[in-house]
Amino acid sequence: MSLSLPDPHVFAAGCLLVAFLVSFASVRAAIAYAHRKGMLDVPGQRRSHSVPTPRGGGIGIVIGTLVGMPAALLLLPPSPGAGVVGAFTVGVIAIAAIGWLDDHGSLPIKPRLLIQVAATLLFCVAVSSHTASVWWAVPLVLAGVWCINLHNFMDGIDGMAAIQAMFFGGATALVAASAGAYGIGIAAAALDAAALGFWWFNRSPARIFMGDVGSATVGFIVFALTAMLWAWRTDLLWPELILSSVFVIDATLTLLVRILRGARWYTPHREHLYQWLVRRGETHTRVATGYLVWNLFVCVPSAWIALRHPAVAPACCGVAYLLGAAAWRTGKRSCLRRRERHVSA
């Protein structure tokens, strides 16, 4: 049961304002902290920036969401329940903590993956206990761990991951509100607000990078919001998948290509489409804006159709992913042709 609030709208506005202000202040503090501790990303062959830049600014998103999201999920109707909110909060803290340690000094992949799986499993068991079968936790864990890591992979240029987090949070808030899941909608809007507080310092030229503390945690939050909406109403899965498609497609197809080529797919690289575009001369701002334009003019209409017409939602989701895959392939081929012309010249 949700607690009764004197004015839920004022409370919701307060959650969003606090999430933004706390995130903004935390990122400012993180910049000074990173300089003091030497937490700097140095330019290199596998990086897309040209000057040493602090990392770990995503701690602002983490703290901002922690002060806004659990309160909204617990106190605004319909609440997914104390068990789900508790598991979500523990998951955010655990994934952020291991990411924060990794930002201080690179950790082996095994302890990071172990924490990610454990945190995701805890949340998935809590969510699936509200569905037809707790065994849904198995595929959910796989999806959750991949969502965490793909957001980490896609955080490679100024503003990119922050803009995607703002887009997803805002669009998910509208999806949830239209489906009557007001509490989940405000929680999603709190992600939007916290990401905005970070983006101000991460826009090109970035004063600080998100770091693993931010990118991995944002990936977990994106997954958690999607899972909670799916548990609330199963047909909401399709518009949510569409809203994440631009990151899912670039990360997944890039990984598959690297595996098929026999590359060491688990090592750092610059093979994502957005990285290719920067290497071919596009600015960070133009690339991030291009991904946002795709979201607004392809993903939003597709998600709206899927939301309004559940019978065709799976097909609509499939078409959105096929279009995204075709755009990814076209973009890669265009980059290759430009490189060939440059070499021949």
# chains A, B, ... in the order shown; residues from 1 in each chain; ligands from 1
call {"tool": "closest_atom_pairs", "arguments": {"of": "region 78-184 of chain A", "to": "region 202-225 of chain A", "cutoff": "6 Å", "atoms": "only C-alpha atoms", "output": "Markdown table"}}
result
| residue | atom | partner | partner_atom | distance |
| --- | --- | --- | --- | --- |
| A:Ile95 | CA | A:Thr217 | CA | 5.9 |
| A:Ala96 | CA | A:Val213 | CA | 4.7 |
| A:Gly99 | CA | A:Val213 | CA | 4.0 |
| A:Trp100 | CA | A:Val213 | CA | 4.7 |
| A:Gly144 | CA | A:Phe223 | CA | 5.7 |
| A:Cys147 | CA | A:Gly219 | CA | 5.2 |
| A:Ile148 | CA | A:Gly219 | CA | 4.1 |
| A:His151 | CA | A:Gly219 | CA | 5.2 |
| A:Asn152 | CA | A:Ser215 | CA | 4.9 |
| A:Asp158 | CA | A:Ser204 | CA | 5.2 |
| A:Gly159 | CA | A:Arg203 | CA | 4.7 |
call {"tool": "select_by_dssp", "arguments": {"residues": "region 5-203 of chain A", "states": "strand (DSSP E)", "output": "list of chain:residue names"}}
result
A:Leu40, A:Asp41, A:Thr53, A:Pro54
call {"tool": "write_last_selection", "arguments": {"atoms": "all heavy atoms", "output": "mmCIF file, in the first residue's frame"}}
result
data_model
loop_
_atom_site.group_PDB
_atom_site.id
_atom_site.type_symbol
_atom_site.label_atom_id
_atom_site.label_comp_id
_atom_site.auth_asym_id
_atom_site.auth_seq_id
_atom_site.Cartn_x
_atom_site.Cartn_y
_atom_site.Cartn_z
ATOM 1 N N LEU A 40 42.167 10.772 -13.588
ATOM 2 C CA LEU A 40 42.109 11.416 -14.895
ATOM 3 C C LEU A 40 42.174 10.373 -15.997
ATOM 4 O O LEU A 40 42.966 9.425 -15.928
ATOM 5 C CB LEU A 40 43.255 12.415 -15.056
ATOM 6 C CG LEU A 40 43.364 13.540 -14.020
ATOM 7 C CD1 LEU A 40 44.618 14.364 -14.274
ATOM 8 C CD2 LEU A 40 42.129 14.421 -14.065
ATOM 9 N N ASP A 41 41.345 10.542 -17.021
ATOM 10 C CA ASP A 41 41.435 9.734 -18.232
ATOM 11 C C ASP A 41 42.400 10.423 -19.179
ATOM 12 O O ASP A 41 42.146 11.552 -19.638
ATOM 13 C CB ASP A 41 40.062 9.590 -18.886
ATOM 14 C CG ASP A 41 39.286 8.412 -18.331
ATOM 15 O OD1 ASP A 41 39.903 7.570 -17.635
ATOM 16 O OD2 ASP A 41 38.082 8.326 -18.568
ATOM 17 N N THR A 53 41.171 14.328 -18.659
ATOM 18 C CA THR A 53 39.873 14.763 -18.128
ATOM 19 C C THR A 53 39.506 13.931 -16.905
ATOM 20 O O THR A 53 39.693 12.713 -16.903
ATOM 21 C CB THR A 53 38.782 14.599 -19.209
ATOM 22 O OG1 THR A 53 39.183 15.298 -20.399
ATOM 23 C CG2 THR A 53 37.450 15.160 -18.719
ATOM 24 N N PRO A 54 38.998 14.574 -15.853
ATOM 25 C CA PRO A 54 38.581 13.824 -14.664
ATOM 26 C C PRO A 54 37.481 12.825 -14.995
ATOM 27 O O PRO A 54 36.697 13.035 -15.915
ATOM 28 C CB PRO A 54 38.058 14.913 -13.717
ATOM 29 C CG PRO A 54 38.650 16.185 -14.208
ATOM 30 C CD PRO A 54 38.815 16.033 -15.687
#
call {"tool": "closest_residue", "arguments": {"among": "A:Leu114, A:Thr120, A:His269, A:Ala303", "to": "Leu255 (chain A)", "atoms": "only C-alpha atoms"}}
result
A:His269
call {"tool": "select_by_dssp", "arguments": {"residues": "region 66-221 of chain A", "states": "helix (DSSP H, G or I)", "output": "NGL selection string"}}
result
:A and (66-75 or 82-104 or 109-128 or 134-153 or 160-178 or 182-202 or 211-221)
call {"tool": "closest_residue", "arguments": {"among": "A:Cys124, A:Met39, A:Leu292, A:Met69", "to": "Ala165 (chain A)", "atoms": "only C-alpha atoms"}}
result
A:Leu292
call {"tool": "residues_around", "arguments": {"residues": "Gly180 (chain A)", "least_positions_apart": "4", "cutoff": "12 Å", "atoms": "only C-alpha atoms", "output": "PyMOL selection string"}}
result
chain A and resi 76-79+173-176+184-186+229+232-233+236
call {"tool": "closest_residue", "arguments": {"among": "A:Gly170, A:Ala320, A:Ala132, A:Arg329", "to": "Thr234 (chain A)", "atoms": "only C-alpha atoms"}}
result
A:Ala132
call {"tool": "residues_around", "arguments": {"residues": "Trp230 (chain A)", "least_positions_apart": "5", "cutoff": "10 Å", "atoms": "only C-alpha atoms", "output": "PyMOL selection string"}}
result
chain A and resi 127-128+131+224-225+235-238+240
call {"tool": "closest_residue", "arguments": {"among": "A:Ala313, A:Ala263, A:Val278, A:Ala327", "to": "Pro239 (chain A)", "atoms": "only C-alpha atoms"}}
result
A:Ala313
call {"tool": "residues_around", "arguments": {"residues": "Ile31 (chain A)", "least_positions_apart": "2", "cutoff": "7 Å", "atoms": "only C-alpha atoms", "output": "list in words"}}
result
Val27, Arg28, Ala29, Tyr33, Ala34, His35, Pro54, Gly57 and Ile208 of chain A
call {"tool": "closest_residue", "arguments": {"among": "A:Cys299, A:Trp265, A:Arg36, A:Ala119", "to": "Val90 (chain A)", "atoms": "only C-alpha atoms"}}
result
A:Ala119
